[in-house]
Amino acid sequence: MDLVVFFVASVCAIASAIAVVAQKNPFVSALALLANLASLAALMLLLEAQFVAAAQIIVYAGAVMVMFLFVIAYVGPRGEIGPGVRKPWLVALSVFAALLIAVEVVVVVMGASLGTVVTVDASYGSPAAIGEALVTDYLLAFEVVSVILFMAAVAGVVFGAGGRPVRLSADQVLAKEGESAVERRREASRAALEAARDSTTGESAR
Amino acid sequence: MSVGIPMFLAVSAILFTIGLIGVLLRRSPLTILLSLEIMLNSVNLTLVAFSRQVGGSDGQVFALVVMGIAAAEVVVGLGLVVAMTRRSMVLDTDELRTLNG
């Protein structure tokens with residue numbers, strides 16, 4: 001039974017990870033990462049780490065992924081960037097280096113004699129056990145994480161809200177994207193204006 | 001437990017490699033951040049697996065701390081993406097080469 005759950009969860013995790021990396025649309029990538037996190041939580045449950053699995057779902061799937069989806073929706077279609085054209089030897093070198101790490105780790109781990117796995121009682125991995133370790137042995141790390149999270153929140157506000165959004169003038173757009181882009185923008189604003197006028201006349205008629 | 005700890009470590013190594021390939025080859029900052037999350041989570045799985053091997057709660061506390069740091073990293077990364085979007089910059093890591101000498 002454990003073996004079946006392990007194989008289903010690990011195949012799901014690896015397939016969704018490949019989907020995250022291969023998808024062009026960041027929205028689909030984010031949803032694939034959600035599946036990846038859920039499968040990893042299942043693997044952690046197999047290792048009897050109930051609290052970490054629950055935190056994984058609540059913190060990642062609940063909070064971090066919602067933030068990701070908001071930013072992806074904010075950025076819109078501009079975020080869709082494919083792998084693009086790279087020098088082939090650079091791609092080959094990157095994949096080779098990454099695979100080298102994987103092979104190395106798998107060979108070492110499979111060949112290592114880790115000894116027997118200890119048997120644990122029911123309280124292993126429970127919120128009480130983890131909480132006790134957090135506020136006794138690891139109190140400093142716990143406090144430092146809270147300070148780092150606070151600093152990150154301040155940095156997020158400064159990056160996200162600081163400064164004024166820069167609107168390009170027609171000249172700058174011309175210099176950047178060429179004549180057709182300016183024409184397209186003019187066309188789009190005209191269409192938006194028409195649509196607004198149509199909707200207001202429609203409402204007054206009603 | 002019928003599944004050995006090395007099996008979990010192997011899955012974690014494969015996930016880490018996939019995330020690494022994503023970070024190295026993709027150009028969209030959003031996808032790079034998502035691949036980074038895969039790498040961090042695979043390391044979390046390793047920590048939990050070793051914690052189960054030894055039978056202490058230290059590895060799980062470590063995994064929780066990594067989760068907190070990952071959340072902070074995502075906030076800063078996404079803040080940069082939003083700032084880039086507001087300044088009408090191209091969301092492409094190959095185009096952002098102002099600091100490239």
# chains A, B, ... in the order shown; residues from 1 in each chain; ligands from 1
call {"tool": "residues_around", "arguments": {"residues": "Val54 of chain B", "least_positions_apart": "3", "cutoff": "9 Å", "atoms": "only C-alpha atoms", "output": "PyMOL selection string"}}
result
(chain A and resi 117-118) or (chain B and resi 49-51+57)
call {"tool": "interface_residues", "arguments": {"of": "chain A", "to": "chain B", "cutoff": "7 Å", "atoms": "only C-alpha atoms", "output": "PyMOL selection string"}}
result
chain A and resi 2-3+10+14+17-18+21+26+30+44+47+52+64+71+75+78-79+81+83+91+94-95+98-99+102+105-106+109-110+117-118+120+125+130+134+145+148-149+152-153+155-156+159-160+165-166
call {"tool": "atom_distance", "arguments": {"atom1": "atom CA of Ala22 of chain A", "atom2": "atom CA of Ala41 of chain A"}}
result
22.5 Å
call {"tool": "select_by_dssp", "arguments": {"residues": "chain A", "states": "alpha helix (DSSP H)", "output": "PyMOL selection string"}}
result
chain A and resi 2-22+26-46+50-55+65-75+88-111+127-135+139-161+170-177+179-205
call {"tool": "atom_distance", "arguments": {"atom1": "atom CA of Pro77 of chain A", "atom2": "atom CA of Gln56 of chain A"}}
result
29.1 Å
